[in-house]
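See structure below.
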Amino acid sequence: MFSRTRGFRAYVGLQIIILSLAAVCAFAQSQSQCSTTTTQRWAKGTTVYYSLGNLDPTQSQQVQNAIKQWQDVSDAQGLGITFQPSSTMPAGTQNPATLNFTNSTQYNAPGHMDPSRVRLSDQAIFTANISFNTSARFGQDGRAIFDNNDPAAATALYFKIALHEIAHTMGLDEAPVPQTGYCDQGKGVTIMNGVCGPNDSGGNLPDHITDCDKSNVKDIYSGKPPTSPNARPHDIGGADGGDACGSDPCCGDPCCGDPCCGDPCCGDPCCGDPCCGDPNCGLHCYDDCWQDCYETCGVEDVETGECLYWEWTCDPPVCQTNCY
Ligand SMILES: [Zn+2]
């Protein structure tokens with residue numbers, strides 16, 4: 001009985017080890033095809049005010065659908081990032097985080113993200129600009145990436161590109177590209193794939209944020225080191241972009257414009273001095289009081305002028321505080 005139990009345990013243990021190995025292999029394979037990560041992202045707890053620029057109503061709807069998916073990921077992971085239309089920004093909001101969408105032909109890519117204001121201390125994005133280019137063409141064969149002969153598929157691609165570009169503001173970076181080209185990326189594995197064929201007819205891009213993407217967002221927001229093999233030259237400046245700080249004179253300076261930043265005593269001459277302004281603070285004090293009293297004659301002998309009865313009269317007491 002006893003030995004049979006032990007034998008059974010050993011068998012179960014072996015099964016668990018085999019299953020674990022299989023799981024690790026599957027995980028490693030999917031990881032190698034998933035998005036990479038970078039340090040630039042909205043800081044936790046940021047309210048991001050977005051504007052839809054010159055997008056038409058259909059395009060605006062696709063972007064809002066993509067934002068909704070990212071909002072759900074933020075909510076599920078407790079990131080506290082809130083996407084709000086810029087029209088809802090309260091007047092007087094200090095240093096708001098903004099996300100601007102536009103259609104532009106500046107870059108020959110279906111989508112492009114530039115962070116134009118980034119806090120250097122923690123790489124938090126404060127302003128990001130996402131542009132779509134619906135006339136972009138594939139580099140190799142010159143075919144249009146958006147094929148408007150199939151409007152539904154073109155619209156679906158616009159949505160997937162929005163998911164991809166917003167992902168760049170959440171710390172995700174491109175998925176690795178095999179030497180054989182984009183079309184050999186893991187189909188539908190990550191929204192950070194590239195486009196395969198007009199309107200992504202090759203099915204590279206999923207229409208939802210995948211589990212491996214969510215896992216990578218979780219990693220980057222929990223402080224794990226980024227896995228991106230490059231510095232995202234197309235996203236953070238260099239060839240296509242500009243100075244990561246743009247024209248923000250406060251970029252990278254969390255104390256900008258605040259003369260008291262980091263100084264809890266700013267402007268308070270008594271800061272940290274509980275005796276400030278009280279010369280007796282910390283001393284033992286007592287009141288020293290006295291009064292002057294003197295005798296006056298109450299009843300006098302009218303014949304001899306002799307005083308028959310004396311009484312005491314006192315002045316009011318006088319006090320002085322002494323400390324030592
Ligand atoms: Zn990208």
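Every chain in the structure tokens has a letter given in the order shown (A, B, ...), and although residue numbers restart at 1 in each chain, ligands are simply numbered from 1 in the order shown.
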Got a sec: who's within 12 Å of Gln106 in chain A, counting only C-alpha atoms, leaving out chain neighbours fewer than 6 positions off, as a PyMOL selection string? chain A and resi 112-113+130-136+240-241
Query raised in the report: Got a sec: who's within 12 Å of Gly139 in chain A, counting only C-alpha atoms, leaving out chain neighbours fewer than 3 positions off, as a PyMOL selection string?
Result: chain A and resi 108-110+136+142-145+181-182+195-197
Write out the residues from the selection above, keeping all heavy atoms, as a PDB file, in the first residue's frame.
```
ATOM      1  N   ASN A 108       5.837  57.076 -46.177  1.00  0.00           N
ATOM      2  CA  ASN A 108       5.321  55.997 -47.017  1.00  0.00           C
ATOM      3  C   ASN A 108       5.153  54.743 -46.164  1.00  0.00           C
ATOM      4  O   ASN A 108       5.897  53.772 -46.278  1.00  0.00           O
ATOM      5  CB  ASN A 108       6.257  55.734 -48.196  1.00  0.00           C
ATOM      6  CG  ASN A 108       5.673  54.674 -49.113  1.00  0.00           C
ATOM      7  OD1 ASN A 108       4.445  54.627 -49.302  1.00  0.00           O
ATOM      8  ND2 ASN A 108       6.511  53.814 -49.663  1.00  0.00           N
ATOM      9  N   ALA A 109       4.185  54.823 -45.271  1.00  0.00           N
ATOM     10  CA  ALA A 109       3.852  53.695 -44.393  1.00  0.00           C
ATOM     11  C   ALA A 109       2.369  53.841 -44.095  1.00  0.00           C
ATOM     12  O   ALA A 109       1.863  54.960 -44.040  1.00  0.00           O
ATOM     13  CB  ALA A 109       4.668  53.758 -43.110  1.00  0.00           C
ATOM     14  N   PRO A 110       1.653  52.724 -43.909  1.00  0.00           N
ATOM     15  CA  PRO A 110       0.214  52.840 -43.653  1.00  0.00           C
ATOM     16  C   PRO A 110      -0.077  53.582 -42.349  1.00  0.00           C
ATOM     17  O   PRO A 110      -1.106  54.243 -42.218  1.00  0.00           O
ATOM     18  CB  PRO A 110      -0.256  51.388 -43.597  1.00  0.00           C
ATOM     19  CG  PRO A 110       0.976  50.581 -43.332  1.00  0.00           C
ATOM     20  CD  PRO A 110       2.107  51.326 -43.972  1.00  0.00           C
ATOM     21  N   ALA A 136      -0.055  54.968 -49.148  1.00  0.00           N
ATOM     22  CA  ALA A 136       1.264  54.340 -49.023  1.00  0.00           C
ATOM     23  C   ALA A 136       1.346  53.106 -49.918  1.00  0.00           C
ATOM     24  O   ALA A 136       0.337  52.454 -50.187  1.00  0.00           O
ATOM     25  CB  ALA A 136       1.502  53.955 -47.567  1.00  0.00           C
ATOM     26  N   GLY A 142       5.511  48.160 -55.260  1.00  0.00           N
ATOM     27  CA  GLY A 142       4.789  49.405 -55.543  1.00  0.00           C
ATOM     28  C   GLY A 142       3.273  49.288 -55.493  1.00  0.00           C
ATOM     29  O   GLY A 142       2.568  50.248 -55.817  1.00  0.00           O
ATOM     30  N   ARG A 143       2.752  48.131 -55.066  1.00  0.00           N
ATOM     31  CA  ARG A 143       1.298  48.018 -54.972  1.00  0.00           C
ATOM     32  C   ARG A 143       0.783  48.897 -53.823  1.00  0.00           C
ATOM     33  O   ARG A 143       1.482  49.120 -52.830  1.00  0.00           O
ATOM     34  CB  ARG A 143       0.881  46.559 -54.712  1.00  0.00           C
ATOM     35  CG  ARG A 143       0.968  45.670 -55.916  1.00  0.00           C
ATOM     36  CD  ARG A 143       0.482  44.264 -55.596  1.00  0.00           C
ATOM     37  NE  ARG A 143       1.286  43.655 -54.530  1.00  0.00           N
ATOM     38  CZ  ARG A 143       0.967  42.508 -53.920  1.00  0.00           C
ATOM     39  NH1 ARG A 143      -0.138  41.864 -54.250  1.00  0.00           N
ATOM     40  NH2 ARG A 143       1.754  42.011 -52.985  1.00  0.00           N
ATOM     41  N   ALA A 144      -0.469  49.373 -53.943  1.00  0.00           N
ATOM     42  CA  ALA A 144      -1.060  50.168 -52.867  1.00  0.00           C
ATOM     43  C   ALA A 144      -1.298  49.276 -51.659  1.00  0.00           C
ATOM     44  O   ALA A 144      -1.764  48.133 -51.795  1.00  0.00           O
ATOM     45  CB  ALA A 144      -2.372  50.789 -53.338  1.00  0.00           C
ATOM     46  N   ILE A 145      -0.978  49.794 -50.474  1.00  0.00           N
ATOM     47  CA  ILE A 145      -1.201  49.003 -49.251  1.00  0.00           C
ATOM     48  C   ILE A 145      -2.694  48.980 -48.908  1.00  0.00           C
ATOM     49  O   ILE A 145      -3.250  47.943 -48.571  1.00  0.00           O
ATOM     50  CB  ILE A 145      -0.359  49.574 -48.089  1.00  0.00           C
ATOM     51  CG1 ILE A 145       1.132  49.446 -48.425  1.00  0.00           C
ATOM     52  CG2 ILE A 145      -0.700  48.872 -46.776  1.00  0.00           C
ATOM     53  CD1 ILE A 145       2.074  50.061 -47.412  1.00  0.00           C
ATOM     54  N   GLY A 181      10.746  37.921 -45.121  1.00  0.00           N
ATOM     55  CA  GLY A 181       9.796  39.016 -45.320  1.00  0.00           C
ATOM     56  C   GLY A 181       8.613  38.998 -44.365  1.00  0.00           C
ATOM     57  O   GLY A 181       8.400  38.048 -43.614  1.00  0.00           O
ATOM     58  N   TYR A 182       7.842  40.084 -44.439  1.00  0.00           N
ATOM     59  CA  TYR A 182       6.708  40.266 -43.537  1.00  0.00           C
ATOM     60  C   TYR A 182       5.704  39.118 -43.608  1.00  0.00           C
ATOM     61  O   TYR A 182       5.097  38.732 -42.621  1.00  0.00           O
ATOM     62  CB  TYR A 182       5.976  41.577 -43.862  1.00  0.00           C
ATOM     63  CG  TYR A 182       6.657  42.801 -43.286  1.00  0.00           C
ATOM     64  CD1 TYR A 182       7.321  43.707 -44.100  1.00  0.00           C
ATOM     65  CD2 TYR A 182       6.602  43.065 -41.922  1.00  0.00           C
ATOM     66  CE1 TYR A 182       7.935  44.835 -43.578  1.00  0.00           C
ATOM     67  CE2 TYR A 182       7.216  44.184 -41.389  1.00  0.00           C
ATOM     68  CZ  TYR A 182       7.881  45.075 -42.222  1.00  0.00           C
ATOM     69  OH  TYR A 182       8.483  46.175 -41.694  1.00  0.00           O
ATOM     70  N   VAL A 195       2.217  44.607 -42.553  1.00  0.00           N
ATOM     71  CA  VAL A 195       1.118  44.285 -43.459  1.00  0.00           C
ATOM     72  C   VAL A 195       1.617  43.295 -44.521  1.00  0.00           C
ATOM     73  O   VAL A 195       2.713  43.447 -45.048  1.00  0.00           O
ATOM     74  CB  VAL A 195       0.601  45.568 -44.145  1.00  0.00           C
ATOM     75  CG1 VAL A 195      -0.524  45.255 -45.116  1.00  0.00           C
ATOM     76  CG2 VAL A 195       0.156  46.583 -43.097  1.00  0.00           C
ATOM     77  N   CYS A 196       0.803  42.275 -44.825  1.00  0.00           N
ATOM     78  CA  CYS A 196       1.160  41.306 -45.874  1.00  0.00           C
ATOM     79  C   CYS A 196       0.126  41.396 -46.999  1.00  0.00           C
ATOM     80  O   CYS A 196      -1.008  40.944 -46.843  1.00  0.00           O
ATOM     81  CB  CYS A 196       1.198  39.890 -45.292  1.00  0.00           C
ATOM     82  SG  CYS A 196       1.400  38.600 -46.546  1.00  0.00           S
ATOM     83  N   GLY A 197       0.494  42.036 -48.090  1.00  0.00           N
ATOM     84  CA  GLY A 197      -0.407  42.142 -49.237  1.00  0.00           C
ATOM     85  C   GLY A 197      -1.401  43.285 -49.080  1.00  0.00           C
ATOM     86  O   GLY A 197      -1.629  43.779 -47.981  1.00  0.00           O
TER      87      GLY A 197
END
```
Restrict the calculation to only C-alpha atoms, then for each residue of range 171-210 of chain A with any atom at most 12 Å from an atom of range 66-76 of chain A give the closest atom pair and their distance in Å to one decimal, rows by chain and rising residue number, as a Markdown table.
```
| residue | atom | partner | partner_atom | distance |
| --- | --- | --- | --- | --- |
| A:Ile191 | CA | A:Ala66 | CA | 11.2 |
| A:Pro206 | CA | A:Ala66 | CA | 12.0 |
| A:Asp207 | CA | A:Ala66 | CA | 9.2 |
| A:His208 | CA | A:Gln69 | CA | 7.4 |
| A:Ile209 | CA | A:Gln69 | CA | 7.2 |
| A:Thr210 | CA | A:Val73 | CA | 10.3 |
```
Selection within 8 Å of ligand 1 by only C-alpha atoms and all ligand atoms, output as a short mmCIF file (atom, residue, chain, number, x, y, z; two decimals) with N, CA and C atoms, in the first residue's frame:
```
data_model
loop_
_atom_site.label_atom_id
_atom_site.label_comp_id
_atom_site.auth_asym_id
_atom_site.auth_seq_id
_atom_site.Cartn_x
_atom_site.Cartn_y
_atom_site.Cartn_z
N GLY A 111 0.86 53.49 -41.40
CA GLY A 111 0.70 54.21 -40.14
C GLY A 111 2.05 54.58 -39.60
N HIS A 112 2.05 55.59 -38.75
CA HIS A 112 3.32 56.09 -38.22
C HIS A 112 3.04 56.75 -36.88
N MET A 113 3.91 56.51 -35.89
CA MET A 113 3.74 57.15 -34.59
C MET A 113 5.02 57.88 -34.21
N HIS A 164 -2.32 49.02 -34.03
CA HIS A 164 -0.86 48.90 -34.06
C HIS A 164 -0.19 50.19 -33.59
N GLU A 165 -0.65 51.33 -34.14
CA GLU A 165 0.03 52.59 -33.81
C GLU A 165 -0.23 53.01 -32.37
N HIS A 168 2.08 51.40 -30.07
CA HIS A 168 3.40 52.02 -29.91
C HIS A 168 3.41 53.01 -28.75
N ASP A 173 6.51 47.36 -29.45
CA ASP A 173 7.30 47.67 -30.64
C ASP A 173 7.12 46.55 -31.66
N GLU A 174 7.75 46.73 -32.81
CA GLU A 174 7.50 45.81 -33.93
C GLU A 174 7.80 44.35 -33.57
N MET A 192 1.43 43.85 -33.74
CA MET A 192 2.66 44.55 -34.11
C MET A 192 3.33 43.93 -35.33
N ASN A 193 2.64 43.01 -36.00
CA ASN A 193 3.12 42.53 -37.30
C ASN A 193 3.08 43.66 -38.32
N GLY A 194 3.76 43.44 -39.45
CA GLY A 194 3.61 44.33 -40.59
C GLY A 194 2.46 43.86 -41.46
N ASP A 235 10.17 55.68 -35.14
CA ASP A 235 9.20 56.20 -34.20
C ASP A 235 9.74 57.33 -33.34
#
```
Excluding Thr321 in chain A and its own-chain neighbours fewer than 6 positions away, which residues fall within 10 Å of it when counting only C-alpha atoms? Please give them as a compact mmCIF listing (two decimals) with C-alpha atoms, in the first residue's frame.
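Just written: selection22.txt:
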```
# COMPACT_ATOMS: atom_id res chain seq x y z
CA CYS A 285 9.24 80.10 32.28
CA TYR A 286 7.56 81.34 35.44
CA ASP A 287 5.72 84.47 36.41
CA ASP A 288 7.37 86.57 39.10
CA CYS A 289 4.71 88.80 40.75
```
Using only C-alpha atoms, which of the listed residues (A:Asn199, A:Asn204, A:Ser87, A:Ser51) sits closest to Asn149 in chain A?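 So, comparing all the options, the nearest one is A:Asn199.
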